[in-house]
file target.pdb (PDB, C-alpha atoms)
ATOM      1  CA  MET A 214     -15.200  92.120 -24.553
ATOM      2  CA  ILE A 215     -16.282  88.461 -24.925
ATOM      3  CA  HIS A 216     -15.558  88.558 -28.667
ATOM      4  CA  ASN A 217     -12.021  89.743 -27.951
ATOM      5  CA  ILE A 218     -11.420  86.882 -25.499
ATOM      6  CA  VAL A 219     -12.776  84.288 -27.929
ATOM      7  CA  PHE A 220     -10.631  85.703 -30.735
ATOM      8  CA  PHE A 221      -7.557  85.640 -28.477
ATOM      9  CA  LEU A 222      -8.215  81.971 -27.562
ATOM     10  CA  PHE A 223      -8.691  81.166 -31.237
ATOM     11  CA  LEU A 224      -5.290  82.680 -32.043
ATOM     12  CA  LEU A 225      -3.650  80.711 -29.246
ATOM     13  CA  THR A 226      -5.241  77.397 -30.226
ATOM     14  CA  SER A 227      -4.533  77.800 -33.923
ATOM     15  CA  THR A 228      -0.789  77.727 -33.356
ATOM     16  CA  GLN A 229      -1.007  75.013 -30.642
ATOM     17  CA  VAL A 230       2.424  75.774 -29.170
ATOM     18  CA  ARG A 231       3.695  79.096 -27.914
ATOM     19  CA  SER A 232       6.950  79.543 -26.154
ATOM     20  CA  PHE A 233       6.989  82.254 -23.562
ATOM     21  CA  THR A 234      10.570  82.600 -22.447
ATOM     22  CA  SER A 235      12.006  85.570 -20.747
ATOM     23  CA  SER A 236      15.249  87.192 -21.785
ATOM     24  CA  ARG A 237      16.873  86.469 -18.433
ATOM     25  CA  SER A 238      16.410  82.712 -18.209
ATOM     26  CA  VAL A 239      16.895  80.430 -21.178
ATOM     27  CA  SER A 240      16.104  77.133 -19.453
ATOM     28  CA  HIS A 241      12.290  77.545 -19.414
ATOM     29  CA  LYS A 242      10.277  74.939 -21.313
ATOM     30  CA  PRO A 243       7.723  76.107 -23.891
ATOM     31  CA  PHE A 244       4.158  76.656 -22.682
ATOM     32  CA  VAL A 245       1.759  74.284 -24.480
ATOM     33  CA  VAL A 246      -1.806  75.449 -25.139
ATOM     34  CA  THR A 247      -4.423  72.745 -25.654
ATOM     35  CA  THR A 248      -7.538  73.251 -27.732
ATOM     36  CA  LEU A 249     -10.802  73.980 -25.946
ATOM     37  CA  PHE A 250     -12.947  71.856 -28.202
ATOM     38  CA  ALA A 251     -10.819  68.752 -28.649
ATOM     39  CA  LYS A 252     -12.314  65.721 -30.366
ATOM     40  CA  LYS A 253     -13.158  62.774 -28.179
ATOM     41  CA  LYS A 254     -10.693  59.948 -28.444
ATOM     42  CA  LYS A 255     -12.147  56.715 -29.721
ATOM     43  CA  VAL A 256     -11.945  53.931 -27.198
ATOM     44  CA  SER A 257      -9.790  51.161 -28.578
ATOM     45  CA  SER A 258     -11.455  47.776 -28.631
ATOM     46  CA  SER A 259     -10.761  46.064 -25.328
ATOM     47  CA  THR A 260     -11.483  42.490 -24.364
ATOM     48  CA  ILE A 261     -13.840  41.815 -21.459
ATOM     49  CA  ALA A 262     -13.786  38.004 -21.309
ATOM     50  CA  VAL A 263     -12.385  35.125 -23.377
ATOM     51  CA  ASN A 264     -13.759  31.593 -23.301
ATOM     52  CA  LYS A 265     -10.562  29.527 -23.256
ATOM     53  CA  LEU A 266     -12.536  26.392 -22.490
ATOM     54  CA  ALA A 267     -14.302  26.700 -25.850
ATOM     55  CA  TYR A 268     -10.965  26.632 -27.682
ATOM     56  CA  ARG A 269      -9.965  23.575 -25.667
ATOM     57  CA  ASN A 270     -13.180  21.538 -25.992
ATOM     58  CA  TYR A 271     -14.386  22.621 -29.447
ATOM     59  CA  GLU A 272     -13.047  22.902 -32.956
ATOM     60  CA  ILE A 273     -14.026  26.403 -34.101
ATOM     61  CA  LEU A 274     -15.450  26.325 -37.641
ATOM     62  CA  GLU A 275     -16.952  29.800 -38.110
ATOM     63  CA  THR A 276     -17.250  32.974 -36.037
ATOM     64  CA  LEU A 277     -19.810  35.778 -36.032
ATOM     65  CA  GLU A 278     -19.927  39.154 -34.265
ATOM     66  CA  CYS A 279     -23.235  40.109 -32.663
ATOM     67  CA  GLY A 280     -24.640  42.587 -30.188
ATOM     68  CA  ILE A 281     -26.497  41.777 -26.996
ATOM     69  CA  SER A 282     -29.520  43.266 -25.231
ATOM     70  CA  LEU A 283     -28.605  44.213 -21.643
ATOM     71  CA  VAL A 284     -30.082  46.252 -18.811
ATOM     72  CA  GLY A 285     -28.223  49.108 -17.116
ATOM     73  CA  THR A 286     -26.977  47.245 -14.042
ATOM     74  CA  GLU A 287     -25.582  44.472 -16.266
ATOM     75  CA  VAL A 288     -23.515  46.973 -18.238
ATOM     76  CA  LYS A 289     -22.171  48.519 -15.025
ATOM     77  CA  SER A 290     -21.258  45.085 -13.666
ATOM     78  CA  ILE A 291     -19.495  44.194 -16.911
ATOM     79  CA  ARG A 292     -17.450  47.396 -16.671
ATOM     80  CA  ASP A 293     -16.484  46.298 -13.143
ATOM     81  CA  GLY A 294     -15.280  42.956 -14.558
ATOM     82  CA  LYS A 295     -18.010  40.713 -13.136
ATOM     83  CA  MET A 296     -18.668  38.607 -16.230
ATOM     84  CA  ASN A 297     -17.970  34.923 -16.895
ATOM     85  CA  ILE A 298     -18.776  33.312 -20.259
ATOM     86  CA  ARG A 299     -17.116  29.991 -19.562
ATOM     87  CA  ASP A 300     -20.328  27.945 -19.184
ATOM     88  CA  GLY A 301     -22.319  29.867 -21.782
ATOM     89  CA  PHE A 302     -24.033  28.499 -24.870
ATOM     90  CA  VAL A 303     -26.282  29.896 -27.603
ATOM     91  CA  LYS A 304     -29.647  28.540 -28.752
ATOM     92  CA  PRO A 305     -31.935  29.694 -31.545
ATOM     93  CA  THR A 306     -35.397  30.867 -30.491
ATOM     94  CA  ASN A 307     -38.447  28.694 -31.160
ATOM     95  CA  ASN A 308     -39.636  30.725 -34.157
ATOM     96  CA  CYS A 309     -35.992  31.071 -35.321
ATOM     97  CA  LYS A 310     -36.151  34.866 -35.464
ATOM     98  CA  GLY A 311     -33.063  35.252 -33.316
ATOM     99  CA  LEU A 312     -30.536  33.721 -30.937
ATOM    100  CA  THR A 313     -30.441  33.701 -27.146
ATOM    101  CA  LEU A 314     -27.444  33.495 -24.830
ATOM    102  CA  HIS A 315     -27.831  31.071 -21.921
ATOM    103  CA  ASN A 316     -25.909  30.417 -18.688
ATOM    104  CA  VAL A 317     -23.587  33.454 -18.851
ATOM    105  CA  HIS A 318     -22.954  34.813 -15.374
ATOM    106  CA  ILE A 319     -22.984  38.596 -14.875
ATOM    107  CA  GLY A 320     -22.627  39.460 -11.186
ATOM    108  CA  LYS A 321     -24.985  41.830  -9.403
ATOM    109  CA  HIS A 322     -24.079  45.510  -9.339
ATOM    110  CA  SER A 323     -22.843  46.460  -5.881
ATOM    111  CA  HIS A 324     -24.178  50.040  -5.763
ATOM    112  CA  SER A 325     -27.810  49.415  -6.731
ATOM    113  CA  ALA A 326     -30.752  48.171  -4.663
ATOM    114  CA  ALA A 327     -31.946  44.578  -4.873
ATOM    115  CA  TYR A 328     -35.177  45.638  -6.594
ATOM    116  CA  PHE A 329     -33.316  47.259  -9.504
ATOM    117  CA  ASN A 330     -30.693  44.543  -9.875
ATOM    118  CA  HIS A 331     -30.784  41.895 -12.585
ATOM    119  CA  GLU A 332     -30.845  38.102 -12.455
ATOM    120  CA  GLU A 333     -27.295  36.810 -12.747
ATOM    121  CA  ARG A 334     -27.918  33.964 -15.214
ATOM    122  CA  ARG A 335     -30.955  35.188 -17.128
ATOM    123  CA  VAL A 336     -31.514  34.373 -20.813
ATOM    124  CA  ARG A 337     -30.261  37.322 -22.894
ATOM    125  CA  PRO A 338     -31.265  37.929 -26.530
ATOM    126  CA  LEU A 339     -28.469  38.370 -29.063
ATOM    127  CA  LEU A 340     -28.822  40.944 -31.824
ATOM    128  CA  VAL A 341     -28.395  39.132 -35.144
ATOM    129  CA  HIS A 342     -30.226  39.269 -38.450
ATOM    130  CA  ARG A 343     -32.999  36.750 -38.970
ATOM    131  CA  GLY A 344     -31.209  35.244 -41.979
ATOM    132  CA  GLU A 345     -28.027  34.672 -39.960
ATOM    133  CA  ALA A 346     -30.006  32.995 -37.167
ATOM    134  CA  LEU A 347     -31.785  30.726 -39.648
ATOM    135  CA  ARG A 348     -28.511  29.795 -41.372
ATOM    136  CA  LEU A 349     -26.821  28.922 -38.062
ATOM    137  CA  LYS A 350     -29.822  26.861 -36.930
ATOM    138  CA  GLN A 351     -29.786  24.854 -40.175
ATOM    139  CA  LYS A 352     -26.057  24.159 -39.827
ATOM    140  CA  MET A 353     -26.551  23.095 -36.203
ATOM    141  CA  GLU A 354     -29.262  20.601 -37.130
ATOM    142  CA  GLN A 355     -27.572  19.203 -40.248
ATOM    143  CA  LYS A 356     -24.034  18.717 -38.972
ATOM    144  CA  ASN A 357     -24.694  18.245 -35.232
ATOM    145  CA  LEU A 358     -22.777  21.398 -34.264
ATOM    146  CA  GLU A 359     -23.059  23.800 -31.328
ATOM    147  CA  ILE A 360     -22.874  27.576 -30.950
ATOM    148  CA  VAL A 361     -20.676  28.859 -28.117
ATOM    149  CA  PRO A 362     -19.632  32.361 -27.051
ATOM    150  CA  VAL A 363     -15.913  32.789 -27.637
ATOM    151  CA  LYS A 364     -15.194  36.383 -26.657
ATOM    152  CA  ALA A 365     -16.857  39.501 -25.237
ATOM    153  CA  TYR A 366     -15.363  42.933 -25.894
ATOM    154  CA  PHE A 367     -16.005  46.660 -26.273
ATOM    155  CA  ASN A 368     -15.916  47.830 -29.898
ATOM    156  CA  ASN A 369     -14.760  51.263 -31.166
ATOM    157  CA  GLN A 370     -18.152  52.831 -30.344
ATOM    158  CA  ASN A 371     -17.756  51.534 -26.752
ATOM    159  CA  ARG A 372     -20.579  49.007 -27.161
ATOM    160  CA  ILE A 373     -20.497  45.474 -25.822
ATOM    161  CA  LYS A 374     -20.171  42.878 -28.575
ATOM    162  CA  PHE A 375     -19.988  39.098 -28.480
ATOM    163  CA  GLU A 376     -18.076  36.842 -30.822
ATOM    164  CA  ILE A 377     -19.964  33.567 -31.133
ATOM    165  CA  ALA A 378     -18.651  30.500 -32.920
ATOM    166  CA  LEU A 379     -20.168  27.562 -34.736
ATOM    167  CA  ALA A 380     -18.153  24.713 -33.265
ATOM    168  CA  LYS A 381     -17.769  20.955 -33.285
ATOM    169  CA  ARG A 382     -17.094  19.208 -29.980
ATOM    170  CA  LYS A 383     -13.702  17.489 -29.764
ATOM    171  CA  ASN A 384     -13.410  13.928 -28.568
ATOM    172  CA  LEU A 385     -10.458  12.703 -26.493
ATOM    173  CA  GLU A 386      -8.297  11.840 -29.534
ATOM    174  CA  ASP A 387      -8.785  15.289 -31.049
ATOM    175  CA  LYS A 388      -7.742  16.899 -27.768
ATOM    176  CA  ARG A 389      -4.601  14.752 -27.642
ATOM    177  CA  ASP A 390      -3.778  15.602 -31.258
ATOM    178  CA  SER A 391      -4.154  19.330 -30.621
ATOM    179  CA  ILE A 392      -1.944  19.072 -27.502
ATOM    180  CA  MET A 393       0.731  17.184 -29.447
ATOM    181  CA  ALA A 394       0.632  19.722 -32.304
ATOM    182  CA  ARG A 395       0.899  22.613 -29.824
ATOM    183  CA  GLU A 396       3.906  21.013 -28.067
ATOM    184  CA  ALA A 397       5.619  20.253 -31.390
ATOM    185  CA  LYS A 398       5.178  23.853 -32.501
ATOM    186  CA  ARG A 399       6.537  25.085 -29.159
ATOM    187  CA  ASP A 400       9.605  22.797 -29.461
ATOM    188  CA  ALA A 401      10.257  23.949 -33.025
ATOM    189  CA  ASN A 402      10.085  27.610 -31.994
ATOM    190  CA  ARG A 403      12.404  26.916 -29.061
ATOM    191  CA  MET A 404      14.955  25.212 -31.366
ATOM    192  CA  ILE A 405      14.830  28.090 -33.850
ATOM    193  CA  LYS A 406      15.318  30.600 -31.052
ATOM    194  CA  ASN A 407      18.330  28.712 -29.629
ATOM    195  CA  PHE A 408      19.825  28.221 -33.090
ATOM    196  CA  ARG A 409      19.828  31.972 -33.789
ATOM    197  CA  MET A 410      21.983  32.642 -30.728
TER     198      MET A 410
END
call {"tool": "encode", "arguments": {"input": "target.pdb", "output": "structure tokens"}}
result
Amino acid sequence: MIHNIVFFLFLLTSTQVRSFTSSRSVSHKPFVVTTLFAKKKKVSSSTIAVNKLAYRNYEILETLECGISLVGTEVKSIRDGKMNIRDGFVKPTNNCKGLTLHNVHIGKHSHSAAYFNHEERRVRPLLVHRGEALRLKQKMEQKNLEIVPVKAYFNNQNRIKFEIALAKRKNLEDKRDSIMAREAKRDANRMIKNFRM
């Protein structure tokens, strides 16, 4: 009996669409049969937080994607949208085996007890290769650069990733130049748009 039911479901799912219309009424829509064992949809990469202040105060020279080591309540809080990377910065560890993320605020999870909750601004280790960490540390020391978090997002495997950037701090003249270039580009686009009409 069970084999017959499974075989019947297999026949239905192999054709995907069956139309069961009666001879009396023609206006019925076809009956759609969905598969029982459908593949899971991949979660498209979605942005959690963007550090707009980093783009304003720094000149981004190089970016790198890295993972981060989190506890369970931190992940739940991030999914609730309680993350702020605006004041964050990255430092290499003392033995230069890795990088650590400092001063990033992840709010406490509302549905867990105080004992199980995390510290909001704790130092979190980033998951990078030792060679990458050493290379970034050497560039920081040689050229007087800084490493800042630029973006946090979920990747296709639904894991939290950080995009960190090797950046040079802008002085006041650089900020004015970037503002003038942005306004000139905006004016040029506006003129092109009005000219087309």
call {"tool": "residues_around", "arguments": {"input": "target.pdb", "residues": "range 296-306 of chain A", "least_positions_apart": "2", "cutoff": "10 Å", "atoms": "only C-alpha atoms", "output": "PyMOL selection string"}}
result
chain A and resi 261-267+287-288+290-294+308-321+333-334+336-339+346-347+349-350+353+359-365+377-379
call {"tool": "axis_aligned_box", "arguments": {"input": "target.pdb", "around": "range 285-303 of chain A", "padding_each_side": "6 Å", "output": "lines of an AutoDock Vina configuration file"}}
result
center_x = -21.8
center_y = 38.5
center_z = -20.4
size_x = 24.9
size_y = 33.2
size_z = 26.5
call {"tool": "closest_residue", "arguments": {"input": "target.pdb", "among": "A:Phe375, A:Val284, A:Lys398, A:Asn384", "to": "Phe329 in chain A", "atoms": "all atoms listed in the file"}}
result
A:Val284
call {"tool": "resolve_selection", "arguments": {"input": "target.pdb", "expression": "the PyMOL selection byres ((chain A and resi 368) around 12)", "output": "list in words"}}
result
Lys255, Val256, Ser257, Ser258, Ser259, Thr260, Ile261, Glu278, Cys279, Gly280, Lys364, Ala365, Tyr366, Phe367, Asn369, Gln370, Asn371, Arg372, Ile373, Lys374, Phe375 and Glu376 of chain A
call {"tool": "atom_distance", "arguments": {"input": "target.pdb", "atom1": "CA of Ile273 in chain A", "atom2": "CA of Ile392 in chain A"}}
result
15.6 Å
call {"tool": "closest_residue", "arguments": {"input": "target.pdb", "among": "A:Leu340, A:Ala326, A:Lys352, A:Lys295", "to": "Ile281 in chain A", "atoms": "all atoms listed in the file"}}
result
A:Leu340
call {"tool": "atom_distance", "arguments": {"input": "target.pdb", "atom1": "CA of Arg382 in chain A", "atom2": "CA of Val341 in chain A"}}
result
23.5 Å
call {"tool": "atom_distance", "arguments": {"input": "target.pdb", "atom1": "CA of Asn270 in chain A", "atom2": "CA of Ala394 in chain A"}}
result
15.3 Å
call {"tool": "closest_residue", "arguments": {"input": "target.pdb", "among": "A:Met393, A:Thr286, A:Arg409, A:Asp387", "to": "Glu332 in chain A", "atoms": "all atoms listed in the file"}}
result
A:Thr286
call {"tool": "build_atoms", "arguments": {"input": "target.pdb", "residues": "range 369-380 of chain A", "atoms": "all heavy atoms", "output": "short mmCIF file (atom, residue, chain, number, x, y, z; two decimals), in the frame of the given file"}}
result
data_model
loop_
_atom_site.label_atom_id
_atom_site.label_comp_id
_atom_site.auth_asym_id
_atom_site.auth_seq_id
_atom_site.Cartn_x
_atom_site.Cartn_y
_atom_site.Cartn_z
N ASN A 369 -15.23 49.88 -31.07
CA ASN A 369 -14.76 51.26 -31.17
C ASN A 369 -15.81 52.28 -30.72
O ASN A 369 -15.46 53.37 -30.30
CB ASN A 369 -14.32 51.58 -32.60
CG ASN A 369 -13.04 50.86 -32.94
OD1 ASN A 369 -12.27 50.51 -32.05
ND2 ASN A 369 -12.81 50.63 -34.21
N GLN A 370 -17.09 51.94 -30.82
CA GLN A 370 -18.15 52.83 -30.34
C GLN A 370 -18.47 52.60 -28.87
O GLN A 370 -19.48 53.09 -28.37
CB GLN A 370 -19.43 52.64 -31.17
CG GLN A 370 -19.39 53.27 -32.54
CD GLN A 370 -18.68 52.39 -33.55
OE1 GLN A 370 -18.75 51.17 -33.47
NE2 GLN A 370 -18.00 53.00 -34.49
N ASN A 371 -17.62 51.82 -28.18
CA ASN A 371 -17.76 51.53 -26.75
C ASN A 371 -19.04 50.76 -26.45
O ASN A 371 -19.67 50.96 -25.42
CB ASN A 371 -17.70 52.83 -25.94
CG ASN A 371 -17.17 52.59 -24.55
OD1 ASN A 371 -16.62 51.54 -24.26
ND2 ASN A 371 -17.32 53.56 -23.69
N ARG A 372 -19.42 49.87 -27.37
CA ARG A 372 -20.58 49.01 -27.16
C ARG A 372 -20.11 47.58 -26.93
O ARG A 372 -19.09 47.16 -27.47
CB ARG A 372 -21.49 49.04 -28.38
CG ARG A 372 -22.08 50.42 -28.57
CD ARG A 372 -23.28 50.39 -29.45
NE ARG A 372 -23.89 51.71 -29.46
CZ ARG A 372 -24.29 52.31 -30.55
NH1 ARG A 372 -24.17 51.72 -31.72
NH2 ARG A 372 -24.84 53.50 -30.48
N ILE A 373 -20.88 46.85 -26.15
CA ILE A 373 -20.50 45.47 -25.82
C ILE A 373 -20.90 44.56 -26.98
O ILE A 373 -22.06 44.54 -27.39
CB ILE A 373 -21.17 45.03 -24.51
CG1 ILE A 373 -20.67 45.91 -23.37
CG2 ILE A 373 -20.86 43.57 -24.22
CD1 ILE A 373 -21.43 45.75 -22.10
N LYS A 374 -19.93 43.82 -27.48
CA LYS A 374 -20.17 42.88 -28.58
C LYS A 374 -19.72 41.49 -28.15
O LYS A 374 -18.81 41.34 -27.33
CB LYS A 374 -19.39 43.29 -29.83
CG LYS A 374 -19.81 44.61 -30.42
CD LYS A 374 -21.14 44.52 -31.09
CE LYS A 374 -21.50 45.84 -31.76
NZ LYS A 374 -22.79 45.77 -32.41
N PHE A 375 -20.36 40.49 -28.72
CA PHE A 375 -19.99 39.10 -28.48
C PHE A 375 -19.50 38.49 -29.78
O PHE A 375 -20.04 38.77 -30.85
CB PHE A 375 -21.18 38.29 -27.97
CG PHE A 375 -21.30 38.25 -26.49
CD1 PHE A 375 -21.89 39.29 -25.80
CD2 PHE A 375 -20.81 37.18 -25.78
CE1 PHE A 375 -22.00 39.27 -24.43
CE2 PHE A 375 -20.91 37.14 -24.41
CZ PHE A 375 -21.50 38.18 -23.73
N GLU A 376 -18.50 37.66 -29.68
CA GLU A 376 -18.08 36.84 -30.82
C GLU A 376 -18.52 35.42 -30.52
O GLU A 376 -18.05 34.81 -29.56
CB GLU A 376 -16.56 36.91 -31.00
CG GLU A 376 -16.07 36.20 -32.23
CD GLU A 376 -14.58 36.38 -32.42
OE1 GLU A 376 -14.11 37.52 -32.32
OE2 GLU A 376 -13.90 35.37 -32.67
N ILE A 377 -19.48 34.93 -31.33
CA ILE A 377 -19.96 33.57 -31.13
C ILE A 377 -19.40 32.70 -32.25
O ILE A 377 -19.05 33.19 -33.32
CB ILE A 377 -21.50 33.51 -31.11
CG1 ILE A 377 -22.10 34.06 -32.41
CG2 ILE A 377 -22.05 34.26 -29.92
CD1 ILE A 377 -23.60 33.90 -32.51
N ALA A 378 -19.29 31.41 -31.97
CA ALA A 378 -18.65 30.50 -32.92
C ALA A 378 -19.52 29.26 -33.13
O ALA A 378 -20.09 28.73 -32.18
CB ALA A 378 -17.28 30.09 -32.41
N LEU A 379 -19.57 28.85 -34.39
CA LEU A 379 -20.17 27.56 -34.74
C LEU A 379 -19.06 26.53 -34.55
O LEU A 379 -18.01 26.64 -35.19
CB LEU A 379 -20.66 27.60 -36.18
CG LEU A 379 -21.60 26.51 -36.62
CD1 LEU A 379 -22.91 26.60 -35.88
CD2 LEU A 379 -21.85 26.60 -38.10
N ALA A 380 -19.26 25.58 -33.66
CA ALA A 380 -18.15 24.71 -33.26
C ALA A 380 -18.57 23.25 -33.22
O ALA A 380 -19.74 22.92 -33.02
CB ALA A 380 -17.64 25.14 -31.89
#
